[in-house]
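Enquirer: The following file, data.cif, comprises mmCIF, C-alpha atoms:
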```cif
data_structure
#
loop_
_atom_site.label_atom_id
_atom_site.label_comp_id
_atom_site.auth_asym_id
_atom_site.auth_seq_id
_atom_site.Cartn_x
_atom_site.Cartn_y
_atom_site.Cartn_z
CA MET H 660 0.00 0.00 0.00
CA VAL H 661 1.36 3.39 -0.97
CA LYS H 662 1.26 5.96 1.78
CA ALA H 663 -0.40 9.24 0.66
CA GLN H 664 1.91 12.21 0.26
CA PRO H 665 1.09 15.16 2.55
CA THR H 666 -0.35 18.21 0.82
CA PRO H 667 1.64 21.49 0.91
CA GLU H 668 -0.89 22.83 3.44
CA GLN H 669 -0.36 19.80 5.69
CA SER H 670 3.41 20.19 5.42
CA ILE H 671 3.19 23.87 6.31
CA GLY H 672 0.87 23.00 9.20
CA VAL H 673 3.52 20.69 10.62
CA LEU H 674 6.63 22.72 9.80
CA GLN H 675 5.48 26.16 10.98
CA PRO H 676 4.98 25.08 14.64
CA VAL H 677 8.37 23.35 14.50
CA LEU H 678 9.95 26.58 13.31
CA ASP H 679 8.21 28.53 16.07
CA ILE H 680 9.51 26.07 18.66
CA LEU H 681 13.03 26.34 17.23
CA HIS H 682 12.85 30.14 17.56
CA THR H 683 11.70 29.74 21.18
CA VAL H 684 14.58 27.34 21.82
CA ARG H 685 17.03 29.80 20.27
CA ASN H 686 15.74 32.63 22.48
CA GLY H 687 15.99 30.40 25.54
CA VAL H 688 19.56 29.44 24.69
CA ASP H 689 20.48 33.11 24.21
CA GLN H 690 19.10 33.86 27.66
CA ALA H 691 20.99 30.92 29.13
CA VAL H 692 24.23 32.21 27.58
CA THR H 693 23.56 35.60 29.19
CA ALA H 694 22.90 33.89 32.53
CA ALA H 695 26.16 31.93 32.22
CA ASP H 696 28.06 35.16 31.52
CA ARG H 697 26.45 36.78 34.55
CA ALA H 698 27.27 33.77 36.72
CA LYS H 699 30.90 34.00 35.62
CA GLU H 700 31.09 37.67 36.59
CA ARG H 701 29.56 36.98 39.99
CA THR H 702 31.77 33.96 40.58
CA ALA H 703 34.89 35.96 39.78
CA GLY H 704 33.73 38.72 42.16
CA ALA H 705 32.53 36.48 44.97
CA LEU H 706 35.54 34.18 45.03
CA GLN H 707 38.23 36.84 44.93
CA GLY H 708 41.13 35.48 46.94
CA GLY H 709 39.68 31.98 46.71
CA GLN H 710 40.00 29.50 43.86
CA PRO H 711 37.43 30.41 41.24
CA GLY H 712 39.34 28.58 38.48
CA PRO H 713 37.52 25.22 38.49
CA LEU H 714 34.07 26.81 38.71
CA LEU H 715 34.90 29.32 35.98
CA ALA H 716 36.17 26.50 33.77
CA ARG H 717 32.92 24.62 34.34
CA LEU H 718 30.88 27.72 33.45
CA ASP H 719 32.98 28.19 30.32
CA ALA H 720 32.23 24.60 29.33
CA ILE H 721 28.49 25.16 29.89
CA ARG H 722 28.62 28.35 27.82
CA GLU H 723 30.50 26.60 25.03
CA THR H 724 27.89 23.86 24.92
CA LEU H 725 25.09 26.44 24.80
CA VAL H 726 26.78 28.25 21.91
CA VAL H 727 26.99 24.96 19.99
CA VAL H 728 23.28 24.31 20.69
CA ALA H 729 22.47 27.84 19.45
CA ALA H 730 24.44 27.32 16.24
CA ARG H 731 22.84 23.93 15.66
CA SER H 732 19.32 25.27 16.24
CA THR H 733 20.02 28.05 13.72
CA GLN H 734 21.13 25.45 11.15
CA ILE H 735 17.99 23.40 11.74
CA SER H 736 15.82 26.55 11.50
CA THR H 737 17.41 27.33 8.14
CA GLN H 738 16.55 23.85 6.87
CA VAL H 739 12.97 24.10 8.14
CA GLU H 740 12.59 27.57 6.59
CA PHE H 741 13.78 26.14 3.29
CA ALA H 742 11.30 23.26 3.51
CA LEU H 743 8.53 25.74 4.32
CA ALA H 744 9.46 27.93 1.36
CA GLU H 745 9.38 24.85 -0.87
CA ALA H 746 5.97 23.82 0.45
CA ARG H 747 4.64 27.35 -0.11
CA THR H 748 6.05 27.42 -3.65
CA ILE H 749 4.38 24.12 -4.51
CA GLY H 750 1.19 25.20 -2.72
CA SER H 751 1.01 28.41 -4.74
CA GLY H 752 0.92 26.37 -7.93
CA ASN H 753 4.42 27.35 -9.01
CA SER H 754 5.99 24.00 -9.65
CA THR H 755 9.50 25.40 -9.92
CA ARG H 756 11.29 23.97 -6.96
CA PRO H 757 13.71 26.44 -5.37
CA THR H 758 16.50 23.91 -5.48
CA ASP H 759 18.75 26.08 -7.61
CA ASN H 760 18.68 28.64 -4.85
CA SER H 761 18.74 26.32 -1.89
CA PRO H 762 20.99 26.98 1.09
CA GLU H 763 22.93 23.87 0.09
CA ASN H 764 23.67 25.34 -3.31
CA PRO H 765 24.02 29.07 -2.73
CA SER H 766 26.58 29.55 -5.48
CA VAL H 767 23.88 29.39 -8.17
CA SER H 768 22.38 32.85 -8.61
CA ARG H 769 18.67 33.57 -8.88
CA THR H 770 17.64 36.00 -11.56
CA VAL H 771 14.99 37.67 -9.39
CA PRO H 772 14.75 37.70 -5.58
CA GLN H 773 12.07 35.43 -4.15
CA GLY H 774 8.64 37.07 -4.05
CA LEU H 775 9.41 39.86 -6.56
CA THR H 776 8.27 40.15 -10.14
CA ILE H 777 10.82 41.03 -12.80
CA GLU H 778 9.19 44.46 -13.21
CA GLN H 779 9.36 45.14 -9.46
CA PHE H 780 12.98 44.07 -9.35
CA ARG H 781 13.95 46.21 -12.34
CA GLY H 782 12.32 49.23 -10.75
CA ALA H 783 14.08 48.59 -7.46
CA VAL H 784 17.44 48.23 -9.19
CA ASP H 785 16.91 51.56 -10.98
CA THR H 786 16.14 53.24 -7.66
CA LEU H 787 19.16 51.63 -6.04
CA ARG H 788 21.53 52.58 -8.84
CA THR H 789 20.42 56.19 -8.79
CA GLY H 790 20.37 56.49 -5.00
CA THR H 791 23.70 54.81 -4.31
CA ALA H 792 25.78 55.94 -7.32
CA HIS H 793 27.90 58.23 -5.10
CA ILE H 794 29.03 55.26 -3.02
CA ALA H 795 30.64 53.56 -6.00
CA GLY H 796 30.00 50.01 -4.87
CA GLU H 797 28.60 46.74 -6.20
CA LEU H 798 24.90 46.12 -5.61
CA PHE H 799 23.63 42.79 -4.37
CA VAL H 800 20.72 41.10 -2.64
CA HIS H 801 21.41 38.83 0.29
CA GLY H 802 19.47 37.01 2.99
CA SER H 803 16.37 34.88 2.64
CA ARG H 804 15.03 36.46 -0.56
CA ALA H 805 18.32 35.75 -2.30
CA GLY H 806 18.45 32.22 -0.88
CA GLY H 807 14.84 31.28 -1.55
CA THR H 808 13.93 30.79 2.10
CA ALA H 809 11.83 33.93 2.63
CA ARG H 810 8.48 33.98 4.41
CA PRO H 811 5.73 36.25 3.09
CA ASP H 812 6.55 38.85 5.73
CA SER H 813 10.33 38.65 5.29
CA ASP H 814 12.16 41.84 4.41
CA ILE H 815 14.51 42.13 1.45
CA ASP H 816 18.16 42.84 2.14
CA PHE H 817 20.03 45.01 -0.34
CA GLY H 818 23.74 45.64 0.05
CA VAL H 819 26.29 47.96 -1.52
CA ARG H 820 29.62 46.17 -1.40
CA VAL H 821 32.75 48.31 -1.27
CA THR H 822 36.43 47.62 -0.87
CA SER H 823 37.92 47.70 2.59
CA GLU H 824 39.65 51.01 1.86
CA ARG H 825 36.45 52.61 0.58
CA PHE H 826 34.56 51.26 3.59
CA ASP H 827 37.01 52.90 6.01
CA GLN H 828 36.72 56.13 4.03
CA LEU H 829 32.91 56.00 4.26
CA VAL H 830 33.03 55.33 8.02
CA THR H 831 35.15 58.46 8.42
CA GLU H 832 32.83 60.50 6.17
CA ARG H 833 29.60 59.35 7.76
CA PHE H 834 30.58 59.22 11.44
CA GLY H 835 33.11 62.05 11.57
CA ARG H 836 34.99 62.27 14.85
CA PRO H 837 32.56 61.37 17.62
CA ASN H 838 33.35 62.29 21.21
CA PRO H 839 35.25 59.59 23.10
CA GLY H 840 32.88 57.51 25.21
CA SER H 841 29.80 58.71 23.33
CA ALA H 842 27.07 56.43 21.98
CA LYS H 843 27.94 57.62 18.49
CA GLU H 844 31.52 56.46 18.97
CA ARG H 845 30.18 53.05 19.99
CA THR H 846 28.01 52.85 16.84
CA MET H 847 31.03 53.77 14.72
CA GLN H 848 33.11 51.05 16.35
CA TRP H 849 30.27 48.57 15.79
CA ALA H 850 30.07 49.49 12.10
CA SER H 851 33.82 48.99 11.70
CA ARG H 852 33.73 45.69 13.56
CA THR H 853 30.79 44.23 11.66
CA GLY H 854 31.81 45.69 8.30
CA LYS H 855 28.33 47.16 7.83
CA ILE H 856 26.98 50.72 7.81
CA GLN H 857 23.19 50.68 8.19
CA SER H 858 21.00 52.83 5.94
CA GLY H 859 20.42 55.63 8.47
CA GLU H 860 24.07 56.32 9.15
CA ALA H 861 24.87 55.77 5.47
CA GLY H 862 22.49 58.58 4.52
CA LEU H 863 20.36 56.10 2.54
CA SER H 864 17.09 56.27 4.50
CA ARG H 865 15.35 58.10 1.68
CA VAL H 866 16.37 55.42 -0.84
CA ARG H 867 15.24 52.69 1.56
CA ARG H 868 11.84 54.33 2.04
CA GLN H 869 11.46 54.70 -1.73
CA LEU H 870 12.22 50.99 -2.19
CA GLU H 871 9.71 50.03 0.51
CA ALA H 872 7.02 52.05 -1.26
CA GLN H 873 7.90 50.48 -4.62
CA LEU H 874 8.04 46.89 -3.36
CA ASP H 875 5.45 47.12 -0.59
CA MET H 876 7.73 45.20 1.76
CA ASP H 877 10.26 46.01 4.46
CA VAL H 878 13.69 46.80 3.07
CA ASP H 879 17.08 46.62 4.69
CA LEU H 880 19.85 48.54 2.94
CA SER H 881 23.46 48.65 4.07
CA ILE H 882 26.96 49.40 2.90
CA VAL H 883 28.99 46.24 3.34
CA ARG H 884 32.75 45.73 3.51
CA ARG H 885 34.00 43.27 0.89
CA ASP H 886 34.87 39.93 2.55
CA GLY H 887 33.56 41.24 5.86
CA PRO H 888 31.16 39.36 8.18
CA PHE H 889 28.10 40.50 6.17
CA ASP H 890 29.54 39.76 2.73
CA THR H 891 28.08 36.28 2.89
CA ARG H 892 26.15 33.69 0.91
CA PRO H 893 23.45 33.31 -0.15
CA CYS H 894 23.66 36.44 -2.21
CA MET H 895 22.55 37.54 -5.63
CA GLU H 896 24.74 39.91 -7.56
CA ILE H 897 23.14 42.79 -9.46
CA SER H 898 25.09 43.33 -12.65
CA ASP H 899 25.85 46.76 -14.10
CA ASP H 900 23.88 46.25 -17.31
CA MET P 416 28.63 76.02 18.73
CA THR P 417 27.47 72.77 17.19
CA ASP P 418 27.67 72.54 13.38
CA THR P 419 24.12 72.68 11.95
CA ARG P 420 24.80 69.45 10.04
CA ALA P 421 25.13 67.78 13.42
CA TYR P 422 21.33 67.95 13.65
CA ASP P 423 20.73 66.19 10.34
CA TYR P 424 20.57 62.71 11.83
CA CYS P 425 20.21 60.84 15.10
CA LYS P 426 19.95 57.12 15.72
CA VAL P 427 17.94 56.04 18.74
CA PHE P 428 18.22 52.49 20.09
CA VAL P 429 15.23 51.07 21.98
CA ARG P 430 15.24 47.96 24.14
CA HIS P 431 11.79 46.77 23.16
CA ASP P 432 10.77 43.72 21.14
CA ASP P 433 7.99 45.20 19.04
CA PRO P 434 8.62 47.97 16.46
CA SER P 435 4.87 48.43 15.91
CA SER P 436 4.32 49.15 19.58
CA VAL P 437 7.21 51.64 19.53
CA THR P 438 5.67 53.35 16.48
CA THR P 439 2.28 53.61 18.18
CA ARG P 440 3.85 54.99 21.34
CA LEU P 441 5.86 57.56 19.36
CA ALA P 442 2.80 58.68 17.40
CA SER P 443 0.99 59.27 20.67
CA ILE P 444 3.90 61.11 22.32
CA LEU P 445 4.62 63.34 19.33
CA ASP P 446 1.10 63.59 17.90
CA ALA P 447 2.55 62.57 14.54
CA THR P 448 1.12 61.07 11.36
CA VAL P 449 2.27 57.51 10.60
CA GLU P 450 3.05 56.31 7.06
CA ARG P 451 4.09 52.69 6.98
CA HIS P 452 6.92 52.70 9.61
CA SER P 453 7.63 56.43 9.40
CA LEU P 454 6.39 59.33 11.49
CA LEU P 455 6.12 62.66 9.76
CA LEU P 456 6.82 65.78 11.83
CA PRO P 457 7.48 69.38 10.82
CA GLY P 458 11.09 69.39 9.59
CA LEU P 459 11.70 65.78 10.62
CA ILE P 460 10.99 62.21 9.65
CA LEU P 461 11.36 59.29 12.06
CA ASP P 462 11.74 55.73 10.75
CA VAL P 463 11.06 52.93 13.23
CA ARG P 464 12.72 49.69 12.24
CA ARG P 465 13.78 46.33 13.56
CA ASN P 466 17.52 46.36 14.20
CA SER P 467 19.13 43.83 11.87
CA ASP P 468 21.98 43.51 14.38
CA ALA P 469 19.65 42.70 17.28
CA ASP P 470 20.79 39.95 19.60
CA GLY P 471 18.87 38.47 22.53
CA SER P 472 21.98 38.48 24.68
CA ALA P 473 22.79 42.18 24.07
CA GLY P 474 22.38 43.27 27.71
CA ASP P 475 23.50 46.90 27.95
CA ASP P 476 25.19 46.75 24.54
CA PHE P 477 22.62 49.07 22.99
CA VAL P 478 23.85 48.69 19.40
CA ARG P 479 22.26 45.22 19.51
CA TRP P 480 18.91 46.27 20.99
CA PRO P 481 15.87 45.15 18.95
CA VAL P 482 14.45 48.45 17.65
CA ILE P 483 16.03 51.54 16.13
CA ILE P 484 14.57 54.92 15.33
CA ASP P 485 16.30 56.81 12.53
CA ALA P 486 15.57 60.52 13.04
CA GLU P 487 16.40 62.57 9.96
CA SER P 488 15.92 66.26 9.25
CA ASP P 489 14.27 67.31 6.00
CA GLY P 490 17.20 69.53 5.06
CA ALA P 491 16.01 72.77 6.61
CA ASP P 492 17.84 74.25 9.61
CA SER P 493 16.22 71.99 12.15
CA GLY P 494 18.60 72.05 15.11
CA SER P 495 16.07 72.84 17.76
CA PRO P 496 13.24 70.54 16.53
CA MET P 497 15.68 67.63 16.20
CA SER P 498 17.24 67.90 19.66
CA ASP P 499 13.91 68.75 21.31
CA THR P 500 12.18 65.81 19.66
CA VAL P 501 14.91 63.33 20.58
CA ALA P 502 14.91 64.62 24.17
CA THR P 503 11.12 64.18 24.32
CA ILE P 504 11.39 60.61 23.01
CA LEU P 505 14.12 59.68 25.48
CA THR P 506 12.32 61.11 28.49
CA ALA P 507 8.97 59.53 27.58
CA PHE P 508 10.50 56.11 27.00
CA TRP P 509 12.55 56.22 30.21
CA ASP P 510 9.44 57.22 32.13
CA ALA P 511 7.74 54.15 30.65
CA GLY P 512 10.63 51.96 31.84
CA ILE P 513 11.95 51.35 28.31
CA PRO P 514 15.76 51.64 28.06
CA THR P 515 16.63 54.01 25.21
CA VAL P 516 19.92 55.51 23.98
CA ALA P 517 20.51 58.21 21.37
CA ALA P 518 23.66 58.20 19.23
CA CYS P 519 24.32 61.53 17.54
CA ASP P 520 26.53 64.62 17.44
CA PHE P 521 24.43 66.47 20.01
CA GLU P 522 24.39 63.86 22.79
CA ASP P 523 25.81 66.47 25.17
CA GLU P 524 22.65 68.57 24.76
CA LEU P 525 20.35 65.68 25.70
CA PRO P 526 19.35 64.49 29.18
CA TRP P 527 21.78 61.87 30.55
CA SER P 528 23.98 62.57 27.49
CA GLY P 529 21.40 60.78 25.36
CA GLY P 530 21.07 57.86 27.76
CA ILE P 531 24.52 56.27 27.59
CA ARG P 532 25.26 57.65 31.06
CA ARG P 533 22.17 55.93 32.44
CA LEU P 534 23.69 52.57 31.51
CA ASP P 535 26.61 53.26 33.83
CA ALA P 536 24.44 54.65 36.63
#
```
Please express what this file holds, its structure, as structure tokens.

Expert:
Amino acid sequence: MVKAQPTPEQSIGVLQPVLDILHTVRNGVDQAVTAADRAKERTAGALQGGQPGPLLARLDAIRETLVVVAARSTQISTQVEFALAEARTIGSGNSTRPTDNSPENPSVSRTVPQGLTIEQFRGAVDTLRTGTAHIAGELFVHGSRAGGTARPDSDIDFGVRVTSERFDQLVTERFGRPNPGSAKERTMQWASRTGKIQSGEAGLSRVRRQLEAQLDMDVDLSIVRRDGPFDTRPCMEISDD
Amino acid sequence: MTDTRAYDYCKVFVRHDDPSSVTTRLASILDATVERHSLLLPGLILDVRRNSDADGSAGDDFVRWPVIIDAESDGADSGSPMSDTVATILTAFWDAGIPTVAACDFEDELPWSGGIRRLDA
């Protein structure tokens, strides 16, 4: 007897709660990591003059395990999100499986980000080119809409990739010389460390708002340092022509 | 005297999980019109967004708090409206028990230096 295949709706009905649980697990693990960090601080303070070494080592081991659990839960979430996207694609009547854009095969480029029509994408690219020409970088789409794992309410992530030298130059231009110890100095340090200048600080809020109005979805737009932590796969390059 | 360009932009970090709730609260505090995630004020526009760098274990590291407000002037000389508006936002959110920090060139003109000093207090 051949067992009946589940419908896309049934698959979504099973996978969505799993994804929600995975997100809850991830949040719980994040909180546990914070608690472990706090316990380490208190242990170091409370046992001054004593022998905190063994207890601190044990807390380090717990923290390390939690970080591995967090990373693993993120990997599983990515797989479930992909399966959900596939079920939604099949359910919508579009039989094109998103395998070419799967997380396992991110090197194959999509031609249009998930959820956009060609016309929408062309319009967005025109807006991006005009609004970011002064930055002199390479445009790309990254995140779930480039990888084919987006949910209907997912945002679209646009990036302007620049060389490391240009990135440092832009950090100096956009942040100036903030006062030592100020919050602005901290945001500048964070941008340098992550290799990403968010749209507000980059002076690109207007372009981002324009894209949101065009696409009717949330848009994230950043300047990204080439080969930095946010210059990652999956991504979809936007060519010059 | 602070350069007038210093008032062009301010980034406000909010330790709150829900951008929609922050938008609603801002609209009430400032009596502003909301368009999508933006609040329109005379001389200013405020964008409320989820922070893409947010991290559940951020603690007092405000750059990883969940919500950001991008406050941007409309190009006119808006020094006073910008600093007054940001000060109003900070005070109202602190009064509501919501940790909030402003990062900008005029932090010194804001209560608690924009909030970063409250983290150390």

Enquirer: Run the PyMOL selection byres ((chain H and resi 802) around 9) against the file shown and list the residues it catches, as a list in words.

Expert: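 When the PyMOL selection byres ((chain H and resi 802) around 9) is applied, the selected residues are Val800, His801, Ser803, Arg804, Ala805, Gly806, Gly807, Thr808, Ala809, Asp814, Ile815, Asp816, Phe817, Thr891, Arg892, Pro893 and Cys894 of chain H.
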
Enquirer: Kindly determine which residues of chain P lie within 6 Å of chain H, considering only C-alpha atoms, and give the answer as a ChimeraX atom specification.

Expert: /P:471-472,485,518-519

Enquirer: Step by step, work through what the PyMOL selection byres ((chain P and resi 454-470) around 8) selects in the shown file, and finish by giving those residues as an MDAnalysis selection string.

Expert: (chainID H and resid 879) or (chainID P and resid 434 437:438 442 447:450 452:453 471:473 478:491 493 496:497)

Enquirer: One decimal, Å: what's the distance from CA of Gly774 in chain H over to CA of Gln675 in chain H, could you say?

Expert: 18.8 Å

Enquirer: Report, in Å with one decimal, the straight-line distance from CA of Gly782 in chain H to CA of Cys425 in chain P.

Expert: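 Atom-to-atom, CA of Gly782 in chain H to CA of Cys425 in chain P, that is 29.4 Å.
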
Enquirer: Report, in Å to a single decimal, how far apart CA of Gln869 in chain H and CA of Arg820 in chain H are.

Expert: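 We find that CA of Arg820 in chain H and CA of Gln869 in chain H lie 20.1 Å from each other.
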
Enquirer: Under the rule that all atoms listed in the file are counted, which of H:Ile882, H:Leu775, H:Arg810, H:Gln873 is the nearest residue to Arg825 in chain H?

Expert: H:Ile882

Enquirer: Check the smallest atom-to-atom distance from each of H:Val739, H:Thr831, H:Thr770, H:Val866 to Ile680 in chain H using all atoms listed in the file, then report the winner.

Expert: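 Under the stated criterion, the closest residue is H:Val739.
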
Enquirer: Evaluating the PyMOL selection byres ((chain P and resi 527) around 12) on the displayed file yields which residues, as JSON, numbers by chain?

Expert: {"H": [841, 842], "P": [502, 505, 506, 509, 515, 516, 517, 521, 522, 523, 524, 525, 526, 528, 529, 530, 531, 532, 533, 534, 535, 536]}

Enquirer: Quick one: residues within 9 Å of Ile513 in chain P, only C-alpha atoms, excluding same-chain residues fewer than 4 positions away - as a short mmCIF file (atom, residue, chain, number, x, y, z; two decimals) with C-alpha atoms, in the frame of the given file?

Expert:
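For reference, part_0.cif as written:
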```cif
data_model
loop_
_atom_site.label_atom_id
_atom_site.label_comp_id
_atom_site.auth_asym_id
_atom_site.auth_seq_id
_atom_site.Cartn_x
_atom_site.Cartn_y
_atom_site.Cartn_z
CA VAL P 429 15.23 51.07 21.98
CA ARG P 430 15.24 47.96 24.14
CA HIS P 431 11.79 46.77 23.16
CA ALA P 507 8.97 59.53 27.58
CA PHE P 508 10.50 56.11 27.00
CA TRP P 509 12.55 56.22 30.21
#
```

Enquirer: Can you tell me, as AutoDock Vina command-line options, the centre and edge lengths (Å, one decimal) of the axis-aligned box enclosing all of range 876-886 of chain H's listed atoms after padding each side by 3 Å?

Expert:
```
--center_x 21.3 --center_y 44.7 --center_z 2.8 --size_x 33.1 --size_y 15.5 --size_z 9.8
```

Enquirer: Export range 842-898 of chain H, C-alpha atoms, as a PDB file, in the first residue's frame; it's the structure right above.

Expert:
```
ATOM      1  CA  ALA H 842      27.068  56.432  21.985  1.00  0.00           C
ATOM      2  CA  LYS H 843      27.936  57.622  18.493  1.00  0.00           C
ATOM      3  CA  GLU H 844      31.516  56.462  18.967  1.00  0.00           C
ATOM      4  CA  ARG H 845      30.176  53.048  19.989  1.00  0.00           C
ATOM      5  CA  THR H 846      28.015  52.850  16.841  1.00  0.00           C
ATOM      6  CA  MET H 847      31.034  53.774  14.715  1.00  0.00           C
ATOM      7  CA  GLN H 848      33.113  51.050  16.351  1.00  0.00           C
ATOM      8  CA  TRP H 849      30.270  48.575  15.794  1.00  0.00           C
ATOM      9  CA  ALA H 850      30.065  49.487  12.098  1.00  0.00           C
ATOM     10  CA  SER H 851      33.817  48.990  11.697  1.00  0.00           C
ATOM     11  CA  ARG H 852      33.734  45.687  13.565  1.00  0.00           C
ATOM     12  CA  THR H 853      30.788  44.226  11.657  1.00  0.00           C
ATOM     13  CA  GLY H 854      31.808  45.689   8.302  1.00  0.00           C
ATOM     14  CA  LYS H 855      28.334  47.163   7.833  1.00  0.00           C
ATOM     15  CA  ILE H 856      26.976  50.722   7.807  1.00  0.00           C
ATOM     16  CA  GLN H 857      23.193  50.677   8.190  1.00  0.00           C
ATOM     17  CA  SER H 858      21.004  52.834   5.945  1.00  0.00           C
ATOM     18  CA  GLY H 859      20.419  55.631   8.465  1.00  0.00           C
ATOM     19  CA  GLU H 860      24.066  56.319   9.146  1.00  0.00           C
ATOM     20  CA  ALA H 861      24.873  55.771   5.472  1.00  0.00           C
ATOM     21  CA  GLY H 862      22.492  58.582   4.517  1.00  0.00           C
ATOM     22  CA  LEU H 863      20.363  56.104   2.542  1.00  0.00           C
ATOM     23  CA  SER H 864      17.094  56.275   4.504  1.00  0.00           C
ATOM     24  CA  ARG H 865      15.355  58.096   1.683  1.00  0.00           C
ATOM     25  CA  VAL H 866      16.366  55.418  -0.839  1.00  0.00           C
ATOM     26  CA  ARG H 867      15.239  52.689   1.560  1.00  0.00           C
ATOM     27  CA  ARG H 868      11.838  54.332   2.042  1.00  0.00           C
ATOM     28  CA  GLN H 869      11.459  54.703  -1.728  1.00  0.00           C
ATOM     29  CA  LEU H 870      12.218  50.989  -2.190  1.00  0.00           C
ATOM     30  CA  GLU H 871       9.706  50.032   0.506  1.00  0.00           C
ATOM     31  CA  ALA H 872       7.021  52.051  -1.255  1.00  0.00           C
ATOM     32  CA  GLN H 873       7.904  50.479  -4.616  1.00  0.00           C
ATOM     33  CA  LEU H 874       8.039  46.895  -3.359  1.00  0.00           C
ATOM     34  CA  ASP H 875       5.452  47.118  -0.590  1.00  0.00           C
ATOM     35  CA  MET H 876       7.727  45.203   1.764  1.00  0.00           C
ATOM     36  CA  ASP H 877      10.260  46.009   4.465  1.00  0.00           C
ATOM     37  CA  VAL H 878      13.690  46.799   3.071  1.00  0.00           C
ATOM     38  CA  ASP H 879      17.076  46.621   4.693  1.00  0.00           C
ATOM     39  CA  LEU H 880      19.850  48.536   2.936  1.00  0.00           C
ATOM     40  CA  SER H 881      23.459  48.650   4.068  1.00  0.00           C
ATOM     41  CA  ILE H 882      26.965  49.401   2.899  1.00  0.00           C
ATOM     42  CA  VAL H 883      28.995  46.245   3.344  1.00  0.00           C
ATOM     43  CA  ARG H 884      32.752  45.734   3.514  1.00  0.00           C
ATOM     44  CA  ARG H 885      34.004  43.267   0.888  1.00  0.00           C
ATOM     45  CA  ASP H 886      34.873  39.933   2.546  1.00  0.00           C
ATOM     46  CA  GLY H 887      33.558  41.243   5.861  1.00  0.00           C
ATOM     47  CA  PRO H 888      31.160  39.358   8.184  1.00  0.00           C
ATOM     48  CA  PHE H 889      28.098  40.496   6.174  1.00  0.00           C
ATOM     49  CA  ASP H 890      29.539  39.765   2.734  1.00  0.00           C
ATOM     50  CA  THR H 891      28.078  36.278   2.887  1.00  0.00           C
ATOM     51  CA  ARG H 892      26.151  33.687   0.911  1.00  0.00           C
ATOM     52  CA  PRO H 893      23.454  33.314  -0.148  1.00  0.00           C
ATOM     53  CA  CYS H 894      23.665  36.443  -2.211  1.00  0.00           C
ATOM     54  CA  MET H 895      22.547  37.539  -5.630  1.00  0.00           C
ATOM     55  CA  GLU H 896      24.743  39.909  -7.561  1.00  0.00           C
ATOM     56  CA  ILE H 897      23.145  42.791  -9.456  1.00  0.00           C
ATOM     57  CA  SER H 898      25.090  43.328 -12.649  1.00  0.00           C
TER      58      SER H 898
END
```
